[in-house]
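Following: one structure in structure tokens, then a few remarks.
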Amino acid sequence: MSGHLVLSGSGGSTRCDTAAELVGALRASVPAQGGYRPRLDGPAAPESRADAALLVAVSELWPSVLVSPDQTPYHATLAYAFPLALDPAWRDWTDRHADLLIGGRQLVLVPASDLVAVELAGDPERRHRRLLRRHEQTRVREHSDLPDFLADWADFVLWRYGTPPSASERDALRTVLEMAGCTVRDFVRSGEVVARTVTCAHVQSRTLFDLLAVWDPRHAVLRPGIFSAVHNLIDAASRGYRFSMCYGRFPYKDHVVAGCRPLTLDELSGRG
């Protein structure tokens, strides 16, 4: 933690010079009764190193926080994908790279209800057999060329939403993906890449994260984006992992994980 923070309350003020001191001061300030969750009055994304340090420390103690004015539970995340409460290594890295993440808008609060994470159940190959048959000739190759993927991702975002990500957003996102040890998967059919995804196999929580996907609109009839997600779900099942499509509730995600048991962040982190 760069610099220091001063926590003030009814019992006085405490100066915190390290992240450990900040966590300790927050723990000491918690009311004796159970069920406490902190409330934040700030913006959905930290605007200073102090904001970031506080968010990191809070995430160590509470998987979710309440955000004013409607007291909705939120998760602190990296890149709208990785909940900080899940991994101390992610929190430590975030604390050391706060400036980069703030400038690139990759440290953000996301509604807890937007988390898509499941415990796999049943036979996903049978459930998606029709789509899998359409892709019997599709092959998957893995690599770690994140800059190349992110160049495609920027073009895809521009095509899909009309506004490209900024250079600072791309740089910050790249460092997050590199830190987490992410893998790029290219889905190749007849010599053409029809879709690409980025995944992260998080060993500690036994969760496969499906973070980002791009696909070629010329091949939309093949539903390559859906197929890539189904492939990753089946991969998670083969590993005995849980599966997360990160944050954002959309019908296509419901279709991919249909039949699986939804998980909360408490359950992912072993607190539930």
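For the structure tokens, the naming scheme is as follows: chains receive sequential letters (A, B, ...) according to their order of presentation, residues are indexed from 1 within each chain, and ligands are indexed from 1 in presentation order.
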
Per residue of stretch 11-128 of chain A within 7 Å of stretch 237-249 of chain A, which atom pair is closest and at what distance in Å (one decimal), using only C-alpha atoms, listed by chain and increasing number, as CSV?
```
residue,atom,partner,partner_atom,distance
A:Tyr80,CA,A:Tyr247,CA,6.3
A:Ala81,CA,A:Cys246,CA,4.8
A:Asp114,CA,A:Gly248,CA,4.8
A:Leu115,CA,A:Tyr247,CA,4.5
A:Val116,CA,A:Met245,CA,5.4
A:Ala117,CA,A:Ser244,CA,4.1
A:Val118,CA,A:Phe243,CA,5.5
A:Glu119,CA,A:Arg242,CA,5.0
A:Leu120,CA,A:Arg242,CA,6.2
```

For the residues in the current selection, export all heavy atoms as a PDB file, in the first residue's frame.
```pdb
ATOM      1  N   TYR A  80     -14.027  -6.855 -14.584  1.00  0.00           N
ATOM      2  CA  TYR A  80     -15.409  -7.318 -14.603  1.00  0.00           C
ATOM      3  C   TYR A  80     -15.484  -8.844 -14.621  1.00  0.00           C
ATOM      4  O   TYR A  80     -16.479  -9.420 -15.067  1.00  0.00           O
ATOM      5  CB  TYR A  80     -16.163  -6.779 -15.821  1.00  0.00           C
ATOM      6  CG  TYR A  80     -16.251  -5.284 -15.902  1.00  0.00           C
ATOM      7  CD1 TYR A  80     -15.227  -4.543 -16.493  1.00  0.00           C
ATOM      8  CD2 TYR A  80     -17.351  -4.589 -15.387  1.00  0.00           C
ATOM      9  CE1 TYR A  80     -15.293  -3.153 -16.563  1.00  0.00           C
ATOM     10  CE2 TYR A  80     -17.424  -3.201 -15.457  1.00  0.00           C
ATOM     11  CZ  TYR A  80     -16.392  -2.495 -16.035  1.00  0.00           C
ATOM     12  OH  TYR A  80     -16.459  -1.119 -16.112  1.00  0.00           O
ATOM     13  N   ALA A  81     -14.460  -9.507 -14.122  1.00  0.00           N
ATOM     14  CA  ALA A  81     -14.379 -10.959 -14.263  1.00  0.00           C
ATOM     15  C   ALA A  81     -13.940 -11.672 -13.001  1.00  0.00           C
ATOM     16  O   ALA A  81     -14.565 -12.637 -12.570  1.00  0.00           O
ATOM     17  CB  ALA A  81     -13.426 -11.314 -15.405  1.00  0.00           C
ATOM     18  N   ASP A 114     -25.062 -10.278 -10.785  1.00  0.00           N
ATOM     19  CA  ASP A 114     -24.623 -10.482 -12.164  1.00  0.00           C
ATOM     20  C   ASP A 114     -23.643 -11.641 -12.317  1.00  0.00           C
ATOM     21  O   ASP A 114     -23.276 -12.001 -13.445  1.00  0.00           O
ATOM     22  CB  ASP A 114     -23.963  -9.210 -12.713  1.00  0.00           C
ATOM     23  CG  ASP A 114     -24.980  -8.148 -13.119  1.00  0.00           C
ATOM     24  OD1 ASP A 114     -26.186  -8.416 -12.984  1.00  0.00           O
ATOM     25  OD2 ASP A 114     -24.562  -7.066 -13.570  1.00  0.00           O
ATOM     26  N   LEU A 115     -23.185 -12.210 -11.204  1.00  0.00           N
ATOM     27  CA  LEU A 115     -22.227 -13.312 -11.289  1.00  0.00           C
ATOM     28  C   LEU A 115     -22.878 -14.545 -11.901  1.00  0.00           C
ATOM     29  O   LEU A 115     -23.942 -14.984 -11.469  1.00  0.00           O
ATOM     30  CB  LEU A 115     -21.694 -13.658  -9.898  1.00  0.00           C
ATOM     31  CG  LEU A 115     -20.752 -14.866  -9.823  1.00  0.00           C
ATOM     32  CD1 LEU A 115     -19.456 -14.606 -10.599  1.00  0.00           C
ATOM     33  CD2 LEU A 115     -20.443 -15.219  -8.374  1.00  0.00           C
ATOM     34  N   VAL A 116     -22.211 -15.100 -12.918  1.00  0.00           N
ATOM     35  CA  VAL A 116     -22.666 -16.352 -13.535  1.00  0.00           C
ATOM     36  C   VAL A 116     -21.615 -17.417 -13.228  1.00  0.00           C
ATOM     37  O   VAL A 116     -20.543 -17.457 -13.837  1.00  0.00           O
ATOM     38  CB  VAL A 116     -22.848 -16.202 -15.057  1.00  0.00           C
ATOM     39  CG1 VAL A 116     -23.305 -17.528 -15.667  1.00  0.00           C
ATOM     40  CG2 VAL A 116     -23.839 -15.097 -15.378  1.00  0.00           C
ATOM     41  N   ALA A 117     -21.909 -18.251 -12.237  1.00  0.00           N
ATOM     42  CA  ALA A 117     -21.006 -19.325 -11.827  1.00  0.00           C
ATOM     43  C   ALA A 117     -21.848 -20.526 -11.442  1.00  0.00           C
ATOM     44  O   ALA A 117     -22.890 -20.369 -10.790  1.00  0.00           O
ATOM     45  CB  ALA A 117     -20.129 -18.884 -10.659  1.00  0.00           C
ATOM     46  N   VAL A 118     -21.401 -21.715 -11.834  1.00  0.00           N
ATOM     47  CA  VAL A 118     -22.229 -22.901 -11.620  1.00  0.00           C
ATOM     48  C   VAL A 118     -21.387 -24.096 -11.204  1.00  0.00           C
ATOM     49  O   VAL A 118     -20.197 -24.189 -11.507  1.00  0.00           O
ATOM     50  CB  VAL A 118     -23.029 -23.282 -12.892  1.00  0.00           C
ATOM     51  CG1 VAL A 118     -24.009 -22.186 -13.273  1.00  0.00           C
ATOM     52  CG2 VAL A 118     -22.091 -23.614 -14.054  1.00  0.00           C
ATOM     53  N   GLU A 119     -22.046 -24.987 -10.485  1.00  0.00           N
ATOM     54  CA  GLU A 119     -21.539 -26.340 -10.233  1.00  0.00           C
ATOM     55  C   GLU A 119     -22.109 -27.211 -11.329  1.00  0.00           C
ATOM     56  O   GLU A 119     -23.339 -27.278 -11.518  1.00  0.00           O
ATOM     57  CB  GLU A 119     -22.001 -26.828  -8.864  1.00  0.00           C
ATOM     58  CG  GLU A 119     -21.369 -28.131  -8.429  1.00  0.00           C
ATOM     59  CD  GLU A 119     -19.976 -27.927  -7.850  1.00  0.00           C
ATOM     60  OE1 GLU A 119     -19.816 -27.200  -6.870  1.00  0.00           O
ATOM     61  OE2 GLU A 119     -19.041 -28.528  -8.424  1.00  0.00           O
ATOM     62  N   LEU A 120     -21.233 -27.864 -12.082  1.00  0.00           N
ATOM     63  CA  LEU A 120     -21.703 -28.620 -13.237  1.00  0.00           C
ATOM     64  C   LEU A 120     -22.448 -29.879 -12.798  1.00  0.00           C
ATOM     65  O   LEU A 120     -22.090 -30.518 -11.810  1.00  0.00           O
ATOM     66  CB  LEU A 120     -20.526 -28.977 -14.130  1.00  0.00           C
ATOM     67  CG  LEU A 120     -19.814 -27.745 -14.706  1.00  0.00           C
ATOM     68  CD1 LEU A 120     -18.588 -28.143 -15.488  1.00  0.00           C
ATOM     69  CD2 LEU A 120     -20.752 -26.953 -15.592  1.00  0.00           C
TER      70      LEU A 120
END
```

Nearby residues (only C-alpha atoms) at most 12 Å from stretch 41-50 of chain A, same-chain spacing under 3 positions excluded, as number ranges by chain: A: 1-7, 16-19, 22, 38, 53-57, 65-80, 94-111

With the cut-off set at 10 Å and counting only C-alpha atoms, tabulate each residue of stretch 165-255 of chain A with an atom at most that distance from an atom of stretch 123-136 of chain A, showing the nearest atom pair and its distance in Å to one decimal, ordered by chain and increasing number, as a Markdown table.
```
| residue | atom | partner | partner_atom | distance |
| --- | --- | --- | --- | --- |
| A:Phe187 | CA | A:His135 | CA | 9.7 |
| A:Val188 | CA | A:His135 | CA | 9.8 |
| A:Arg189 | CA | A:His135 | CA | 8.2 |
| A:Leu222 | CA | A:Arg134 | CA | 7.3 |
| A:Arg223 | CA | A:Leu131 | CA | 8.2 |
| A:Pro224 | CA | A:His135 | CA | 8.7 |
| A:Ile226 | CA | A:Leu131 | CA | 8.7 |
| A:Phe227 | CA | A:Leu131 | CA | 6.8 |
| A:Val230 | CA | A:His128 | CA | 7.5 |
| A:His231 | CA | A:Leu132 | CA | 8.5 |
| A:Leu233 | CA | A:Pro124 | CA | 7.7 |
| A:Ile234 | CA | A:Pro124 | CA | 6.3 |
| A:Ala237 | CA | A:Pro124 | CA | 8.1 |
| A:His255 | CA | A:His128 | CA | 9.5 |
```

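Residues with any atom within 7 Å of A:Cys182, counting only C-alpha atoms and excluding same-chain neighbours fewer than 6 positions away, are Val198, Thr199 and Cys200 of chain A.
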
Writer output for current selection, all heavy atoms, as a PDB file, in the first residue's frame:
```pdb
ATOM      1  N   VAL A 198     -10.797 -16.313 -24.113  1.00  0.00           N
ATOM      2  CA  VAL A 198      -9.748 -16.291 -23.095  1.00  0.00           C
ATOM      3  C   VAL A 198     -10.308 -16.987 -21.859  1.00  0.00           C
ATOM      4  O   VAL A 198     -11.404 -16.660 -21.391  1.00  0.00           O
ATOM      5  CB  VAL A 198      -9.319 -14.854 -22.747  1.00  0.00           C
ATOM      6  CG1 VAL A 198      -8.420 -14.836 -21.520  1.00  0.00           C
ATOM      7  CG2 VAL A 198      -8.591 -14.223 -23.923  1.00  0.00           C
ATOM      8  N   THR A 199      -9.552 -17.957 -21.337  1.00  0.00           N
ATOM      9  CA  THR A 199      -9.985 -18.684 -20.154  1.00  0.00           C
ATOM     10  C   THR A 199      -8.898 -18.637 -19.084  1.00  0.00           C
ATOM     11  O   THR A 199      -7.724 -18.406 -19.370  1.00  0.00           O
ATOM     12  CB  THR A 199     -10.290 -20.168 -20.468  1.00  0.00           C
ATOM     13  OG1 THR A 199      -9.090 -20.813 -20.920  1.00  0.00           O
ATOM     14  CG2 THR A 199     -11.376 -20.290 -21.518  1.00  0.00           C
ATOM     15  N   CYS A 200      -9.331 -18.866 -17.846  1.00  0.00           N
ATOM     16  CA  CYS A 200      -8.410 -18.945 -16.716  1.00  0.00           C
ATOM     17  C   CYS A 200      -8.830 -20.119 -15.845  1.00  0.00           C
ATOM     18  O   CYS A 200      -9.975 -20.156 -15.364  1.00  0.00           O
ATOM     19  CB  CYS A 200      -8.432 -17.651 -15.897  1.00  0.00           C
ATOM     20  SG  CYS A 200      -7.551 -17.758 -14.312  1.00  0.00           S
TER      21      CYS A 200
END
```

Go through stretch 72-232 of chain A and collect every residue that DSSP, computed from the backbone, puts in strand (DSSP E); the answer should be as JSON, numbers by chain. {"A": [72, 73, 74, 75, 76, 77, 78, 82, 83, 107, 108, 109, 110, 111, 115, 116, 117, 118, 119, 139, 140, 141, 142, 143, 183, 184, 185, 186, 187, 188, 189, 192, 193, 194, 195, 196, 197, 198, 199, 200, 201, 202, 207, 208, 209, 210, 211, 212, 213, 214, 215]}

Write out as a list in words the residues lying within 8 Å of A:Arg196, counting only C-alpha atoms and excluding same-chain residues fewer than 3 positions away.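 Here the answer would be Phe149, Val184, Arg185, Asp186, Phe187, Val193, Ala213, Val214, Trp215 and Ser228 of chain A.
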
Please provide as a short mmCIF file (atom, residue, chain, number, x, y, z; two decimals) with all heavy atoms, in the first residue's frame all residues within 12 Å of A:Asp87, with the sequence filter that same-chain residues fewer than 6 positions apart are discarded (counting only C-alpha atoms).
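Everything below was put into part_2.cif:
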```
data_model
loop_
_atom_site.label_atom_id
_atom_site.label_comp_id
_atom_site.auth_asym_id
_atom_site.auth_seq_id
_atom_site.Cartn_x
_atom_site.Cartn_y
_atom_site.Cartn_z
N VAL A 56 -9.59 -3.22 -1.73
CA VAL A 56 -8.84 -4.47 -1.60
C VAL A 56 -8.97 -5.02 -0.18
O VAL A 56 -9.21 -6.22 0.03
CB VAL A 56 -7.36 -4.26 -1.98
CG1 VAL A 56 -6.53 -5.49 -1.59
CG2 VAL A 56 -7.23 -3.99 -3.47
N SER A 59 -12.40 -6.38 0.57
CA SER A 59 -12.64 -7.65 -0.13
C SER A 59 -12.03 -8.83 0.60
O SER A 59 -12.49 -9.97 0.42
CB SER A 59 -12.09 -7.58 -1.55
OG SER A 59 -12.75 -6.60 -2.31
N GLU A 60 -11.00 -8.58 1.40
CA GLU A 60 -10.42 -9.67 2.17
C GLU A 60 -11.35 -10.14 3.28
O GLU A 60 -11.35 -11.31 3.66
CB GLU A 60 -9.08 -9.25 2.78
CG GLU A 60 -8.41 -10.35 3.58
CD GLU A 60 -6.97 -10.03 3.93
OE1 GLU A 60 -6.35 -9.22 3.24
OE2 GLU A 60 -6.48 -10.61 4.92
N LEU A 61 -12.18 -9.23 3.78
CA LEU A 61 -13.04 -9.55 4.91
C LEU A 61 -14.47 -9.88 4.51
O LEU A 61 -15.14 -10.67 5.17
CB LEU A 61 -13.06 -8.37 5.89
CG LEU A 61 -11.69 -7.98 6.48
CD1 LEU A 61 -11.83 -6.74 7.34
CD2 LEU A 61 -11.11 -9.12 7.29
N PRO A 63 -16.97 -10.80 1.05
CA PRO A 63 -17.08 -11.04 -0.39
C PRO A 63 -17.91 -9.99 -1.12
O PRO A 63 -17.66 -9.70 -2.28
CB PRO A 63 -17.75 -12.42 -0.46
CG PRO A 63 -17.39 -13.08 0.83
CD PRO A 63 -17.37 -11.97 1.85
N ALA A 76 -16.21 -6.51 -5.68
CA ALA A 76 -15.05 -5.83 -6.25
C ALA A 76 -14.36 -6.80 -7.20
O ALA A 76 -14.06 -7.94 -6.82
CB ALA A 76 -14.09 -5.39 -5.16
N THR A 77 -14.13 -6.39 -8.44
CA THR A 77 -13.59 -7.30 -9.45
C THR A 77 -12.44 -6.68 -10.23
O THR A 77 -12.30 -5.47 -10.31
CB THR A 77 -14.68 -7.68 -10.48
OG1 THR A 77 -14.95 -6.55 -11.33
CG2 THR A 77 -15.95 -8.14 -9.80
N LEU A 78 -11.64 -7.56 -10.78
CA LEU A 78 -10.67 -7.20 -11.80
C LEU A 78 -11.28 -7.49 -13.16
O LEU A 78 -11.75 -8.62 -13.40
CB LEU A 78 -9.38 -8.00 -11.64
CG LEU A 78 -8.47 -7.64 -10.47
CD1 LEU A 78 -7.36 -8.67 -10.33
CD2 LEU A 78 -7.87 -6.25 -10.67
N TRP A 93 -1.72 -8.30 -5.78
CA TRP A 93 -1.33 -7.75 -7.08
C TRP A 93 -2.09 -6.46 -7.37
O TRP A 93 -1.52 -5.49 -7.87
CB TRP A 93 -1.60 -8.79 -8.17
CG TRP A 93 -1.15 -8.37 -9.53
CD1 TRP A 93 0.08 -8.55 -10.10
CD2 TRP A 93 -1.95 -7.68 -10.51
NE1 TRP A 93 0.10 -8.02 -11.37
CE2 TRP A 93 -1.12 -7.49 -11.66
CE3 TRP A 93 -3.26 -7.23 -10.54
CZ2 TRP A 93 -1.59 -6.85 -12.80
CZ3 TRP A 93 -3.72 -6.60 -11.68
CH2 TRP A 93 -2.89 -6.41 -12.79
N THR A 94 -3.37 -6.45 -7.06
CA THR A 94 -4.19 -5.25 -7.27
C THR A 94 -3.66 -4.08 -6.47
O THR A 94 -3.58 -2.95 -6.98
CB THR A 94 -5.65 -5.54 -6.90
OG1 THR A 94 -6.15 -6.58 -7.74
CG2 THR A 94 -6.52 -4.30 -7.05
N ALA A 180 -3.14 -13.44 -14.25
CA ALA A 180 -3.96 -14.60 -13.91
C ALA A 180 -3.57 -15.86 -14.67
O ALA A 180 -4.15 -16.93 -14.43
CB ALA A 180 -5.43 -14.28 -14.18
N HIS A 202 -8.55 -21.48 -12.46
CA HIS A 202 -8.16 -21.04 -11.12
C HIS A 202 -8.13 -22.26 -10.20
O HIS A 202 -9.17 -22.79 -9.81
CB HIS A 202 -9.15 -19.99 -10.61
CG HIS A 202 -8.73 -19.36 -9.32
ND1 HIS A 202 -9.43 -19.53 -8.15
CD2 HIS A 202 -7.67 -18.57 -9.02
CE1 HIS A 202 -8.83 -18.85 -7.18
NE2 HIS A 202 -7.76 -18.28 -7.67
N VAL A 203 -6.91 -22.68 -9.88
CA VAL A 203 -6.73 -23.94 -9.15
C VAL A 203 -7.32 -23.86 -7.74
O VAL A 203 -7.98 -24.80 -7.27
CB VAL A 203 -5.23 -24.30 -9.09
CG1 VAL A 203 -5.02 -25.55 -8.25
CG2 VAL A 203 -4.67 -24.49 -10.49
N GLN A 204 -7.10 -22.74 -7.06
CA GLN A 204 -7.51 -22.64 -5.65
C GLN A 204 -9.01 -22.85 -5.47
O GLN A 204 -9.44 -23.51 -4.52
CB GLN A 204 -7.10 -21.29 -5.07
CG GLN A 204 -5.60 -21.10 -4.94
CD GLN A 204 -4.99 -20.52 -6.21
OE1 GLN A 204 -5.49 -20.73 -7.31
NE2 GLN A 204 -3.91 -19.76 -6.05
N SER A 205 -9.82 -22.29 -6.35
CA SER A 205 -11.27 -22.43 -6.21
C SER A 205 -11.84 -23.52 -7.13
O SER A 205 -13.05 -23.73 -7.13
CB SER A 205 -11.97 -21.11 -6.54
OG SER A 205 -11.79 -20.76 -7.91
N ARG A 206 -10.95 -24.19 -7.90
CA ARG A 206 -11.40 -25.20 -8.86
C ARG A 206 -12.48 -24.63 -9.78
O ARG A 206 -13.55 -25.19 -9.96
CB ARG A 206 -11.93 -26.44 -8.15
CG ARG A 206 -10.93 -27.24 -7.36
CD ARG A 206 -11.55 -28.39 -6.59
NE ARG A 206 -12.65 -29.03 -7.29
CZ ARG A 206 -13.94 -28.85 -6.99
NH1 ARG A 206 -14.30 -28.04 -6.02
NH2 ARG A 206 -14.87 -29.48 -7.67
N THR A 207 -12.15 -23.49 -10.38
CA THR A 207 -13.10 -22.83 -11.26
C THR A 207 -12.44 -22.49 -12.59
O THR A 207 -11.33 -21.94 -12.60
CB THR A 207 -13.62 -21.52 -10.63
OG1 THR A 207 -14.18 -21.80 -9.34
CG2 THR A 207 -14.69 -20.87 -11.51
N LEU A 265 -20.66 -16.22 -4.73
CA LEU A 265 -19.23 -15.99 -4.48
C LEU A 265 -18.82 -16.63 -3.16
O LEU A 265 -17.70 -17.14 -3.03
CB LEU A 265 -18.93 -14.51 -4.48
CG LEU A 265 -17.47 -14.09 -4.23
CD1 LEU A 265 -16.52 -14.84 -5.16
CD2 LEU A 265 -17.32 -12.59 -4.39
N LEU A 268 -18.11 -20.16 -4.06
CA LEU A 268 -16.88 -20.28 -4.83
C LEU A 268 -15.65 -20.17 -3.94
O LEU A 268 -14.65 -20.86 -4.14
CB LEU A 268 -16.82 -19.20 -5.92
CG LEU A 268 -17.55 -19.42 -7.23
CD1 LEU A 268 -17.25 -18.27 -8.18
CD2 LEU A 268 -17.17 -20.75 -7.88
N SER A 269 -15.71 -19.26 -2.98
CA SER A 269 -14.56 -19.01 -2.12
C SER A 269 -14.47 -19.92 -0.92
O SER A 269 -13.54 -19.82 -0.12
CB SER A 269 -14.59 -17.55 -1.65
OG SER A 269 -15.76 -17.28 -0.89
N GLY A 270 -15.45 -20.82 -0.78
CA GLY A 270 -15.43 -21.75 0.34
C GLY A 270 -15.96 -21.16 1.63
O GLY A 270 -15.84 -21.78 2.69
#
```
